[in-house]
Each structure stands twice: as C-alpha cells, then as structure tokens.
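Trainee: Sharing a structure, written as structure tokens. Questions coming.
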Amino acid sequence: MQLKHLIHWRSTLVLLALIVLILMPLGASGYVLGVLTVAFYLAVYAMSWDLLFGYAGEVNFGPTFLVGLGAYGAGLSNSVFSIPVWPSVAIGTFLALVGGLVLAGPALRLRGPYFGLVTLVAVILLEKMIGLFSSYTGGEIGLTIMDVLTISNVGNFYYALGFMVIAAIALRTVARSSIGLILEASGQDPVATEALGFNVTKYKLFAFALSALFSGMAGALMVFYLGSASPGTVVTVFVTIQIIIATIVGGRRTILGPILGAIFLIVAGEVLRPLGQLSNAVVALIALLLLLFAPNGFAGLFARSGGRA
Amino acid sequence: MLHQLVEILADGFVIGAIFALGAAGFTMIFGVSGVLNLAHGSIMVIAALVAWFCAEHTPLGIYGGALVGIAASVASTYLLYGLVIRPLNHSKRIADNERPVFVLTATLLVAIILQGVLDYAFGSSPITTPTLIDGVWRVAGVTIPYSQILIGVIAWLVLGALWYFVTRTRPGKAMLAASMSTTGLALVGYDIRKVQRQVWGLYGLLAGIAGVLLASFTGASSDIAISLTVNAFIIVVLGGLGNVAGSLGAAYIIGFLGTLTAYLISPAIREVPGLLALVLILYIRPQGLFGRH
Amino acid sequence: MFQQQQDRHFRRTLSITALALTGSLAFATTSQSAQAAEPIPVGVIGPSAHIDGRAIFQAAEMAVDEINAAGGIDGRKIELHKYDDQFQATNAVRAYQRAVQQDHVVAMTGVFLSEVGLAMQPWSGRLKTPLIISGAASTKIDQNTHAHYDRFKYTFHTFTNSTFIAKVACDFAHDVLVGQLGYKTAAIFSENAAWTKPVDAEYEKCLPKAGLKVVDKIGFEPNTTDFRPIFNKVQDTKPQVLMTAIAHVGAKAIVQWHQQQVPALMAGANGQGGSSAFWKATNGATDGVIVGTTGAAGAPVTDKTPKFYEDYKKRFGEEPAYDAYTEYDTIYTLKAAIEKAHSTDGAKLVEALEKVKLTGVSGPISFYGPKDAFTHDVVYTPGVTTGVYFQWQDGKQVAIWPPKLAQGKVKLPSFVKAAQ
C-alpha cells in the first residue's frame with residue numbers, strides 16, 4: 001500500500017516536472033533554454049548507456065563511439081555531400097546502429113575489464129580516424145556544418161525535449177519489461193540465465209541496438225543544433241566520462257535518474273564557467289565525492305528520503 | 001635505409017624501457033588491489049610537469065627537479081590509494097559485483113581532476129625538460145643524442161633494480177607474491193594492508209621515473225595522459241594482468257610496433273597498430289599473450 | 001497603513017512616468033547622451049592556454065583599456081567579454097551564441113584556429129553580429145564570404161590570409177635565402193590544418209619562382225609530440241631550408257630540430273615563434289630560427305608599432321605574438337566603425353567596416369569588397385603589409401627583412417650547412 005502510494009507520488013512529480021519544462025520557454029531566457037537543450041541530449045546518451053550498464057551489466061567505455069558515429073555520420077553527410085538535415089540524421093543514426101552491433105560482438109565474448117578495454121579502443125580508433133581525415137572532418141578542432149535544425153532557441157529546446165521524452169519512455173518501457181529483467185539476470189549470471197532457457201545473445205544484441213539507436217540519433221540531432229561537431233563534444237573519453245558521471249550521479253538502473261544527472265552536470269558546468277579550465281575538474285570532484293558518499297546518486301537519495309516519508 | 005633501421009632500433013629500445021617501467025607498476029597494483037588505474041597517465045604527467053617546472057623555474061636544477069617530480073608522483077599514488085581506492089573498497093553501500101566499476105569510474109574522475117589542475121597550473125602546451133647532457137653520437141649516418149642513450153641506460157638500470165628487488169629481497173618478494181595472490185600471502189602471515197601500501201608506493205616511484213624520463217625523451221603535456229593510460233592498459237593486457245615479466249615483453253612489442261609505424265608510415269598513427277593488435281589478440285587469446293589463467 | 005501604501009504607489013508611478021518622459025525627451029534630442037552611461041559589450045575569443053590565444057586576450061585588454069582611458073567610444077566605455085574556446089569549434093560556436101544572446105556583444109573578435117573560424121562563420125550571419133577574425137589565417141574564410149556574401153557578410157578578417165602569408169614568405173626567400181645565402185633547395189614543413197592548405201599550395205607555386213626547388217613536402221599532425229621520425233626522413237632528400245607553416249604545433253618541432261642537429265635552416269611562417277614565451281618553452285632551442293610574423297622588436301612596421309611593442313612588453317612581460325598586433329588593431333577598427341555608423345547595429349556596422357580606413361600597428365587597415373576574391377580580408381599592399389622576418393639570435397629578435405626594417409644579417413646555427 002505504502003509502495004503504491006510512493007510510486008503514485010513519484011509519477012505525479014515526474015509529470016509536474018515535465019509540465020514545468022514544457023512551459024519553460026514562456027519565462028526562461030534563450031541562454032537558459034540553450035543550456036537545457038544540451039543537457040537533454042546528454043541525458044539521452046546517459047539513459048542509453050544506463051540500459052547497457054545498469055541493466056545488462058556491460059562496462060561499456062565506448063558510448064561515444066556510438067554518439068560519435070551518429071554525429072559525424074550526420075555532420076559529414078551534410079557538410080561533404082550536401083545532404084539535407086533529416087536524411088543526414090537518418091544516415092548518422094544508421095551508422096551508429098551498425099556500430100552498436102559491432103560493439104556487441106566482443107561484448108558477447110569478453111567479460112569485465114577486457115570488454116571495457118575494447119570499447120575504449122573503439123573510441124580511440126574513431127578519434128584517430130577523425131584526425132586522419134582532417135581535411136573532411138576538421139580534425140581535433142571540429143567540423144563546419146552548413147545547415148541547422150532551426151536557429152530559434154525555443155524550437156531547438158522543443159526538438160531536444162521531445163526527443164528526450166520519447167527516448168525516456170521507450171528505454172524505461174524496455175527496462176521495466178521482462179526484457180529488462182532478463183538483461184539484469186544475464187548481467188549478473190549469464191550461464192544461469194542461459195540455463196533457464198533464455199537466449200542471452202538475442203537480448204544483448206537488442207539492448208546494444210536500442211542503446212545505439214538513441215545515442216546515435218541524439219548525436220546526429222545535437223550536431224544540427226550546435227551547427228558544428230568537435231571530437232571534444234561527441235567523441236573523446238571526456239564525453240564518455242560525462243555520460244558515466246551523469247548516470248552514476250543521477251542514479252544508475254533508473255533510466256530517469258540520468259536525466260537529473262545530465263541537467264546537474266551541464267548546469268554545474270555553466271555555473272562554474274568563470275573558473276575556466278578548472279570547471280571540469282571541479283565538476284569531476286563533485287562527482288567523485290558523490291561516488292564516495294552517495295553511490296546511488298540523486299535517484300537513490302530521493303528514493304531513500306521518500307521511503308522515510 | 002640503414003640509418004632508418006639504426007634509429008628505429010635506438011628509439012624502440014628507449015621507448016620500450018620507459019613503457020615497461022610505467023606498466024610494471026600498473027600491473028602490480030592490479031594484482032595487489034584489483035585496481036585498473038585510469039589515472040595512470042595523469043600520474044606520469046604529474047611527475048613530468050613537476051620535474052620540468054622545478055628544473056626550469058627553481059634553482060633545483062635538472063636532477064633536483066627530477067627527484068621532486070618523482071616525489072610528487074609517489075605522493076599522488078598514496079593519496080589516490082588512501083582517499084579514493086581504500087574507502088571505495090570498504091564502502092558498505094556498494095554491492096561487491098559493482099565495486100570494480102566504481103573503482104574504475106573513480107580513477108577516471110581522478111584523471112579528469114588532475115588534467116584540469118595540471119592544465120591550470122602548467123598550461124596545455126607540451127613541455128620538454130632540458131637535456132641531461134648535450135651532444136650527439138653519429139653512427140651509420142644517424143645522429144643519436146647522448147641524452148637519449150643516457151635515458152635508455154637509466155631506464156634499464158631501474159628495471160634491473162626492480163628485478164633485483166622483487167626477486168632477491170624480502171619485502172620485494174612479498175610484493176611480487178601479493179600481486180599474484182593476496183590470499184596466499186595472507187595465509188603465510190603477511191600484513192596484506194601493509195604490503196598493499198608498499199606496492200602503491202613502489203608504483204608511484206616507477207610511474208614517476210617513467211614520467212620524468214618521458215618528459216626528457218619525447219616531451220609531455222597534460223593532453224597525453226589518457227593515451228599513456230591506454231598504452232599501459234594495452235601492455236598489461238597483452239602481457240597478462242598481474243604478470244610483471246609479461247608486461248616487459250609486451251612493452252617492447254608495443255614500443256617497436258609504434259616506432260616502426262612512426263618511421264615507416266606516419267607518426268600520426270603511431271598507436272593504431274598496437275590498438276588493432278590488442279583487439280585481435282583479445283579475440284584469439286582473451287587472457288593475453290603471456291597471460292596465465 | 002493602507003493610505004500610506006497607496007501614497008507610495010502613487011509616488012512610484014509618478015516618478016516612473018517622469019523618468020520615462022525625460023528619457024524619451026532626451027532620446028529625441030540627442031540619442032547619444034541617453035546612452036552615455038551604457039557600456040558597449042565586445043567579445044573576444046581564443047584558446048587561453050595557448051601562447052597565441054593568450055596574446056589575443058592580452059592585446060584586446062590593452063586596446064580596450066587605452067580606449068576607455070581616453071574617454072571610450074562617443075563617451076561610452078567598452079566592456080570586454082572573454083570566451084575560452086579550449087581549441088574546440090563547438091565551444092566557440094556555443095560561446096558566440098551566448099555572447100550575442102546573453103551578453104549582447106556588438107561584435108565578436110579574436111579566433112586563433114582557422115577550423116574554429118570556419119565553424120563560427122555561418123553563425124555570424126545567423127546571429128547578425130560581426131565576427132572580426134584577427135588570428136586565424138585560412139584563405140577559405142574570405143572565399144566563403146565572397147561566395148555567400150548575403151549569408152556571410154558579417155565576417156571580417158584583420159589578418160592577411162594564408163595565400164598572402166605564403167607570398168610574403170616567398171618574397172623573403174627570394175631576397176634572403178636565395179639572394180644572401182645562396183640556398184637552392186627547400187622542403188615545405190607544415191602542420192596539417194585548415195590554415196596551412198592554402199600556404200602549401202602557394203609555397204609550391206612561388207618557392208620555385210623565388211629560386212628554391214621544393215624537394216620534399218613534410219606534413220604532420222598538429223598534435224605531433226615526437227618529430228624524430230620526421231627529421232629522420234628529411235635526411236633522405238637533404239633540403240637546405242625547411243620552409244615552415246606552423247602555429248598549432250608546440251615547441252617540440254624546434255626542440256628536436258635543435259637536439260637532432262638537423263642540418264637545414266628553419267624559416268617561414270611560425271605562429272608562436274614571435275613570442276619570448278616560445279623562446280622559453282624551447283629552452284632556447286629556437287636560436288637561429290627565422291620567424292615570419294606581424295611585428296618585431298624595434299621594427300617600425302608603421303609609426304604606431306614600436307610604442308605598442310614596448311607597452312605590451314612592459315605590461316605583460318613578454319613579446320607580442322603575431323595575433324597580438326592584429327587583435328589590437330581589430331579593437332581600434334571596431335571603434336572606428338562604431339563611430340562611423342553612429343550605431344552598434346550589426347548590419348550598419350558591416351556597412352561601416354566596409355568603408356573603414358586607418359593605420360594600425362600591423363599596417364594600414366581597410367577591407368576588400370564583395371567583388372574582390374578575398375572579400376572582407378584586410379587589403380594586402382605589397383611592400384607595405386609584409387610584416388617582418390626576424391631571426392632569434394642569442395635570445396633577441398633581430399629583424400632581417402624587409403630591407404627597410406632590417407637590423408642585421410642571418411647567422412647560421414652551428415649545425416646548419418652553408419651553401420657551397
């Protein structure tokens with residue numbers, strides 16, 4: 001009875017938060033909307049990563065391999081081949097999907113740190129490729145994009161918000177369904193799960209594909225929001241770290257937690273901007289302290305205090 | 001053609017030894033504490049930048065600067081162990097099966113913090129410490145700076161001392177044994193915590209020396225921290241996690257592979273063959289080239 | 001109580017009305033005095049951790065302080081907003097948006113990396129706020145402005161573009177490397193970046209005309225930290241000169257050139273080489289390197305240059321890098337344009353900038369028009385906007401070219417071979 005009450009209370013809160021976000025453009029400045037737009041895309045990366053990490057138990061250090069494929073696939077389609085925005089987004093998303101299936105290969109064979117290493121290598125190889133073909137990609141510094149989704153802050157805000165809500169609903173539905181349970185079981189004990197008659201390979205492939213689909217598409221959309229793509233924004237290990245921080249700080253294995261984590265991370269980055277180069281370090285320090293003292297993240301804190309009430 | 005061969009051999013010899021020094025400590029702490037330290041490169045860079053700073057901006061000179069750099073590295077590994085690794089390993093709020101991921105993430109965060117602080121303190125432009133000795137040795141049409149030869153000699157002396165320490169002295173033997181099996185050592189009556197602390201100290205020393213040598217050989221900047229970490233990661237995976245001798249072999253394979261690529265193709269893709277080799281080997285022999293399982 | 005409240009309310013309404021009345025009245029008579037107190041926000045962007053990025057910020061600061069001390073622009077002070085792009089195009093694009101939408105800057109200046117400049121360029125049209133590039137060189141910036149004038153007309157360029165940089169280098173090579181030193185062969189030594197592509201192309205065309213045969217083309221990634229393999233390869237073709245096109249790449253290329261004792265003279269466009277910070281970063285390995293840049297110690301490119309050089313050195317304790325000169329000029333150019341336009345509106349500023357004419361510390365400043373191939377680049381006058389070539393000799397910059405600014409002759413480093 002109490003649990004039911006709690007769930008009800010929480011979904012009301014989520015709905016309320018959503019309404020506030022939808023009404024946001026009425027009051028907030030273009031700058032605030034811009035900051036939140038970036039946070040929403042980061043939230044999608046983090047939610048997609050949570051599906052693999054929180055549920056399937058995969059130590060995937062390569063979320064930006066998927067994000068980067070989506071972003072650069074879309075960006076290069078537009079800047080090199082002059083393909084319009086939406087077909088470019090589709091191309092980027094498709095590339096990321098292929099990348100997700102490529103990553104799933106080693107995930108099925110290797111465990112723990114070895115899989116983590118392979119995913120890290122995938123990211124570094126992608127970064128090297130971008131550097132090697134710098135005459136098309138702009139190398140480490142970044143790509144010039146000719147088209148954008150829209151230059152209106154409000155428009156971009158709604159694109160990002162809408163996309164994030166769709167991703168959240170889809171990922172949470174999957175995670176809450178029997179698929180999520182089987183993924184979780186296979187993450188903890190793949191042999192036992194297999195013995196129970198579940199085809200672990202099939203479920204894992206599905207999880208990788210879904211994760212790749214959303215992260216790739218978010219990467220592609222973000223490129224056309226920013227009007228540029230840089231490895232530092234969509235590929236490097238630092239982006240991976242942001243995704244991991246957002247997920248863990250927000251609360252892993254919750255899908256919605258990472259949204260809180262992403263907003264926290266981006267807003268903290270803006271607030272700390274006057275610190276210049278030190279701002280990243282301070283955000284990382286806050287995350288480290290959270291990791292040490294509140295390992296279950298915001299969602300964990302929230303659940304605990306809710307439980308007490 | 002000959003001068004290229006000579007230079008590749010000379011370069012690979014030095015690079016391999018520096019890599020081996022860095023990776024030896026990295027693999028030992030994995031054995032003892034189960035930690036894959038993703039802040040490894042940052043610790044090498046701390047040693048490099050502090051040494052450079054002291055050599056350039058204080059009256060300590062090159063040798064004094066190198067010592068301060070190595071001391072800074074030892075201090076950072078102790079702090080990392082005491083403030084982050086130990087608390088996480090003993091936290092009751094983290095489930096055991098998730099502990100490695102938390103430790104991994106924490107070291108990644110430490111790497112970011114260090115990168116920011118180093119950038120702030122020293123700037124991100126690459127630095128090179130002044131050479132220890134001037135002059136070049138001309139052989140077979142190649143000019144090899146004396147300082148490069150000296151760096152190679154120092155690296156091998158340290159490797160030799162390490163070998164002597166872990167095979168011939170009591171505390172050293174305990175550390176090597178601990179990196180293979182902590183439970184076994186505990187059974188024989190050793191204080192595991194003390195041995196762990198000592199291994200972290202030894203790790204700081206080795207990473208520090210490697211960082212200082214690197215700074216005077218190819219130069220260093222806060223940007224290269226991540227690639228140094230990945231490099232060490234690759235070497236110990238190839239060599240077999242926790243296997244010190246294996247990582248020496250792997251360090252040379254990676255060192256020569258990179259040098260060959262840099263000289264014969266392009267320095268821009270120096271790391272790529274190593275990365276590809278790694279992926280390939282993991283597919284065929286997941287326990288590493290010299291791994292034991 | 002209630003009475004009191006109403007009273008206060010009434011008084012407030014009255015005072016607001018009065019204020020509005022006087023305000024509009026003042027506005028109707030002289031628009032300037034109404035704005036008198038309001039500062040003009042101007043943006044400057046660059047990578048703060050880089051020698052050339054720091055130079056941009058420092059030069060902008062210096063120009064703004066000077067202008068404000070002298071009474072500002074039509075009585076309004078300039079308020080400088082600094083943005084660090086941290087070498088990332090995306091950061092720069094976001095900063096540009098934030099600068100315009102939140103900080104309301106009337107123009108963005110600076111930009112060190114050409115890739116960053118190219119990524120920001122489409123945004124100048126979208127944000128309708130001038131982008132005046134002082135540090136990035138790529139010719140493509142000007143070609144884009146020419147090709148898409150309607151969209152890109154908000155972009156201006158106070159630094160001579162890559163093509164001209166290479167042309168000047170070839171003139172120098174003809175007079176000094178061939179004329180004075182008798183060299184016959186050169187290798188192009190350039191980092192792979194947007195700004196060097198037009199330089200390489202022009203080098204290949206004009207170096208042979210200047211009398212240097214191009215025997216090798218050496219390209220490398222800007223983040224290369226180890227140049228020994230590259231210098232090792234150079235020995236196959238034995239060039240007498242390495243014609244440089246470097247700016248992003250750190251001190252390492254020069255340090256290892258010195259350590260390996262590469263027997264070829266290093267000369268050409270060198271973005272960081274103008275600053276004494278670079279001399280320090282290389283531990284003096286820069287000795288003997290010939291650097292093409294905007295200005296140098298005691299070289300009066302214009303009559304304003306020496307004072308700028310001295311003031312800058314006194315204030316910041318280092319020599320100005322090439323883009324310190326151009327960024328300083330950029331702020332004064334913007335001032336001239338605002339005064340000419342009597343407005344800070346983007347479109348009006350563009351019109352005013354197109355007509356601006358002044359003498360800066362880097363040379364005379366006016367911009368090419370929409371019909372010229374290099375639209376909105378600073379006009380290049382042969383023999384005038386050449387900048388200066390100097391050689392590092394025992395920690396000092398000694399100007400060696402053009403002849404009217406020369407203070408000394410080239411001294412070859414001990415390991416560099418003289419021509420037979």
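By convention here, the chains of the structure tokens are called A, B, ... in the order presented, each chain's residues are numbered starting at 1, and ligands are numbered starting at 1 in the order presented.
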List the spatial neighbours of Arg273 in chain A as a list in words - criterion: any atom at most 10 Å away, only C-alpha atoms, same-chain residues fewer than 6 positions off excluded.
Mentor: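 The filter keeps Val267, Ser279 and Asn280 of chain A; Tyr83 and Asp84 of chain C.
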Trainee: Would you give me, as a PyMOL selection string, the residues in range 242-348 of chain C that DSSP reads as alpha helix (DSSP H)?
Mentor: chain C and resi 252-259+276-281+305-316+322-341+346-348
Trainee: Compute the set of chain C residues within 7 Å of chain A, using only C-alpha atoms, and express it as number ranges by chain.
Mentor: C: 87-90, 98, 101-102, 115-116, 118-119, 122
Trainee: Mind writing the picked residues with N, CA, C and O atoms as a PDB file, in the first residue's frame?
Mentor:
ATOM      1  N   PHE C  87      40.202  25.227 -27.829  1.00  0.00           N
ATOM      2  CA  PHE C  87      40.557  24.535 -29.081  1.00  0.00           C
ATOM      3  C   PHE C  87      39.404  23.756 -29.695  1.00  0.00           C
ATOM      4  O   PHE C  87      39.634  22.852 -30.492  1.00  0.00           O
ATOM      5  N   GLN C  88      38.168  24.033 -29.317  1.00  0.00           N
ATOM      6  CA  GLN C  88      37.061  23.241 -29.840  1.00  0.00           C
ATOM      7  C   GLN C  88      36.058  24.129 -30.571  1.00  0.00           C
ATOM      8  O   GLN C  88      35.575  25.119 -30.013  1.00  0.00           O
ATOM      9  N   ALA C  89      35.752  23.737 -31.819  1.00  0.00           N
ATOM     10  CA  ALA C  89      34.818  24.512 -32.620  1.00  0.00           C
ATOM     11  C   ALA C  89      33.464  24.622 -31.924  1.00  0.00           C
ATOM     12  O   ALA C  89      32.821  25.672 -31.944  1.00  0.00           O
ATOM     13  N   THR C  90      33.044  23.523 -31.299  1.00  0.00           N
ATOM     14  CA  THR C  90      31.732  23.536 -30.670  1.00  0.00           C
ATOM     15  C   THR C  90      31.665  24.521 -29.515  1.00  0.00           C
ATOM     16  O   THR C  90      30.675  25.236 -29.353  1.00  0.00           O
ATOM     17  N   ARG C  98      26.122  32.488 -26.942  1.00  0.00           N
ATOM     18  CA  ARG C  98      25.918  33.023 -25.610  1.00  0.00           C
ATOM     19  C   ARG C  98      26.303  34.508 -25.584  1.00  0.00           C
ATOM     20  O   ARG C  98      25.606  35.334 -24.993  1.00  0.00           O
ATOM     21  N   GLN C 101      23.403  36.386 -27.445  1.00  0.00           N
ATOM     22  CA  GLN C 101      22.059  36.301 -26.882  1.00  0.00           C
ATOM     23  C   GLN C 101      21.996  36.707 -25.418  1.00  0.00           C
ATOM     24  O   GLN C 101      21.006  37.247 -24.955  1.00  0.00           O
ATOM     25  N   GLN C 102      23.069  36.442 -24.674  1.00  0.00           N
ATOM     26  CA  GLN C 102      23.029  36.747 -23.251  1.00  0.00           C
ATOM     27  C   GLN C 102      23.820  37.998 -22.902  1.00  0.00           C
ATOM     28  O   GLN C 102      23.364  38.848 -22.164  1.00  0.00           O
ATOM     29  N   GLU C 115      39.948  26.398 -38.192  1.00  0.00           N
ATOM     30  CA  GLU C 115      38.800  25.488 -38.128  1.00  0.00           C
ATOM     31  C   GLU C 115      37.694  26.104 -37.284  1.00  0.00           C
ATOM     32  O   GLU C 115      36.511  25.978 -37.602  1.00  0.00           O
ATOM     33  N   VAL C 116      38.081  26.742 -36.189  1.00  0.00           N
ATOM     34  CA  VAL C 116      37.106  27.396 -35.319  1.00  0.00           C
ATOM     35  C   VAL C 116      36.459  28.565 -36.070  1.00  0.00           C
ATOM     36  O   VAL C 116      35.246  28.732 -36.061  1.00  0.00           O
ATOM     37  N   LEU C 118      36.083  28.905 -39.270  1.00  0.00           N
ATOM     38  CA  LEU C 118      35.197  28.395 -40.319  1.00  0.00           C
ATOM     39  C   LEU C 118      33.879  27.912 -39.726  1.00  0.00           C
ATOM     40  O   LEU C 118      32.817  28.071 -40.325  1.00  0.00           O
ATOM     41  N   ALA C 119      33.933  27.306 -38.526  1.00  0.00           N
ATOM     42  CA  ALA C 119      32.707  26.832 -37.887  1.00  0.00           C
ATOM     43  C   ALA C 119      31.868  27.996 -37.374  1.00  0.00           C
ATOM     44  O   ALA C 119      30.641  27.925 -37.355  1.00  0.00           O
ATOM     45  N   PRO C 122      29.300  30.615 -40.363  1.00  0.00           N
ATOM     46  CA  PRO C 122      27.859  30.587 -40.661  1.00  0.00           C
ATOM     47  C   PRO C 122      27.035  31.262 -39.569  1.00  0.00           C
ATOM     48  O   PRO C 122      25.967  31.804 -39.828  1.00  0.00           O
TER      49      PRO C 122
END
Trainee: Distance limit 12 Å, atoms considered: only C-alpha atoms. Which chain C residues sit that close to chain B? Return them as a PyMOL selection string.
Mentor: chain C and resi 47-54+86-87+191-192+218-236+247-263+272+277-278+280-285+415
Trainee: For the residues in the current selection, export C-alpha atoms as a CSV table (one decimal), in the first residue's frame.
Mentor:
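Generated file (selection.csv):
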chain,number,residue,atom,x,y,z
C,47,PRO,CA,42.2,29.3,-26.6
C,48,SER,CA,43.5,30.8,-23.3
C,49,ALA,CA,46.0,28.0,-22.7
C,50,HIS,CA,48.0,28.7,-25.9
C,51,ILE,CA,50.7,31.4,-26.4
C,52,ASP,CA,48.8,32.9,-29.4
C,53,GLY,CA,45.4,32.6,-27.6
C,54,ARG,CA,46.8,34.5,-24.6
C,86,GLN,CA,39.6,25.5,-25.5
C,87,PHE,CA,40.6,24.5,-29.1
C,191,GLU,CA,51.2,21.1,-40.0
C,192,ASN,CA,48.0,19.6,-41.4
C,218,ILE,CA,56.6,17.2,-45.0
C,219,GLY,CA,53.1,17.3,-43.4
C,220,PHE,CA,52.4,16.3,-39.8
C,221,GLU,CA,49.5,16.4,-37.4
C,222,PRO,CA,49.4,19.5,-35.2
C,223,ASN,CA,49.4,17.3,-32.0
C,224,THR,CA,52.6,15.5,-33.0
C,225,THR,CA,54.9,15.3,-30.0
C,226,ASP,CA,57.8,13.4,-31.5
C,227,PHE,CA,59.4,14.8,-34.6
C,228,ARG,CA,62.4,12.5,-34.7
C,229,PRO,CA,60.8,10.1,-37.3
C,230,ILE,CA,60.0,13.2,-39.4
C,231,PHE,CA,63.5,14.7,-39.2
C,232,ASN,CA,64.9,11.2,-39.9
C,233,LYS,CA,63.0,11.1,-43.2
C,234,VAL,CA,64.2,14.7,-44.1
C,235,GLN,CA,67.7,13.4,-44.4
C,236,ASP,CA,66.7,11.4,-47.5
C,247,ALA,CA,51.3,27.6,-35.4
C,248,HIS,CA,49.3,25.0,-33.5
C,249,VAL,CA,52.2,22.6,-33.1
C,250,GLY,CA,54.1,23.2,-29.8
C,251,ALA,CA,57.8,23.8,-29.1
C,252,LYS,CA,58.6,20.2,-29.8
C,253,ALA,CA,59.4,20.6,-33.5
C,254,ILE,CA,62.0,23.2,-32.8
C,255,VAL,CA,63.5,21.5,-29.8
C,256,GLN,CA,64.0,18.3,-31.7
C,257,TRP,CA,65.3,20.1,-34.7
C,258,HIS,CA,67.9,21.5,-32.4
C,259,GLN,CA,68.6,18.3,-30.5
C,260,GLN,CA,68.9,16.2,-33.7
C,261,GLN,CA,71.0,18.9,-35.2
C,262,VAL,CA,69.1,18.8,-38.4
C,263,PRO,CA,71.4,20.5,-41.0
C,272,GLN,CA,54.2,31.1,-31.9
C,277,ALA,CA,57.4,32.7,-24.2
C,278,PHE,CA,58.2,30.4,-27.1
C,280,LYS,CA,61.5,29.9,-23.0
C,281,ALA,CA,59.3,26.9,-23.9
C,282,THR,CA,62.0,25.6,-26.2
C,283,ASN,CA,64.8,26.3,-23.7
C,284,GLY,CA,66.5,28.5,-26.2
C,285,ALA,CA,66.5,25.8,-29.0
C,415,PHE,CA,74.9,22.6,-37.2
Trainee: Once you count only C-alpha atoms, what closest atom pair and distance in Å to one decimal does each residue of chain B within 9 Å of chain A have, with rows by chain and rising residue number, as a tab-separated table?
Mentor:
residue	atom	partner	partner_atom	distance
B:Leu36	CA	A:Pro113	CA	8.2
B:Val84	CA	A:Leu292	CA	7.6
B:Pro87	CA	A:Leu292	CA	7.3
B:Leu88	CA	A:Leu292	CA	6.4
B:Ser91	CA	A:Leu292	CA	7.9
B:Arg93	CA	A:Pro295	CA	6.8
B:Ile94	CA	A:Pro295	CA	6.8
B:Asn97	CA	A:Gln188	CA	8.1
B:Glu98	CA	A:Gly57	CA	8.8
B:Pro100	CA	A:Gly112	CA	8.7
B:Val101	CA	A:Val59	CA	7.1
B:Phe102	CA	A:Leu291	CA	7.6
B:Thr105	CA	A:Ile244	CA	7.6
B:Ala106	CA	A:Leu288	CA	6.2
B:Leu108	CA	A:Ile241	CA	7.2
B:Leu109	CA	A:Ala284	CA	5.5
B:Val110	CA	A:Ala284	CA	7.5
B:Ile112	CA	A:Ala281	CA	5.9
B:Ile113	CA	A:Ala281	CA	4.1
B:Leu114	CA	A:Ala281	CA	7.2
B:Gln115	CA	A:Ala281	CA	7.4
B:Gly116	CA	A:Ala281	CA	4.9
B:Val117	CA	A:Leu278	CA	6.4
B:Asp119	CA	A:Gln277	CA	7.0
B:Tyr120	CA	A:Gln277	CA	6.2
B:Ile226	CA	A:Val237	CA	8.1
B:Ser227	CA	A:Ile124	CA	8.8
B:Val230	CA	A:Val121	CA	8.1
B:Phe233	CA	A:Leu117	CA	7.7
B:Ile234	CA	A:Leu117	CA	8.0
B:Val237	CA	A:Tyr114	CA	7.9
B:Ala268	CA	A:Leu132	CA	7.7
B:Ile269	CA	A:Lys128	CA	7.3
B:Val272	CA	A:Leu125	CA	7.0
B:Leu275	CA	A:Val121	CA	6.4
B:Leu276	CA	A:Val121	CA	8.4
B:Leu278	CA	A:Val118	CA	8.2
B:Val279	CA	A:Val118	CA	6.4
B:Leu282	CA	A:Tyr114	CA	7.6
B:Tyr283	CA	A:Pro106	CA	7.6
B:Pro286	CA	A:Leu110	CA	7.1
B:Gln287	CA	A:Tyr114	CA	8.9
Trainee: Leaving out Gly34 in chain B and any residue of its chain fewer than 5 positions from it, which residues lie within 12 Å of it when counting only C-alpha atoms, given as number ranges by chain?
Mentor: A: 113; B: 26-29, 81, 85-86, 89, 99-101, 103-104, 178-182, 196, 200, 241-242
Trainee: Name the closest residue to Val214 in chain C among the candidates C:Ala186, C:Met108, C:Val42, C:Ala60; distances are taken between atoms, counting only C-alpha atoms.
Mentor: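 Closest to Val214 in chain C, using only C-alpha atoms: C:Ala186.
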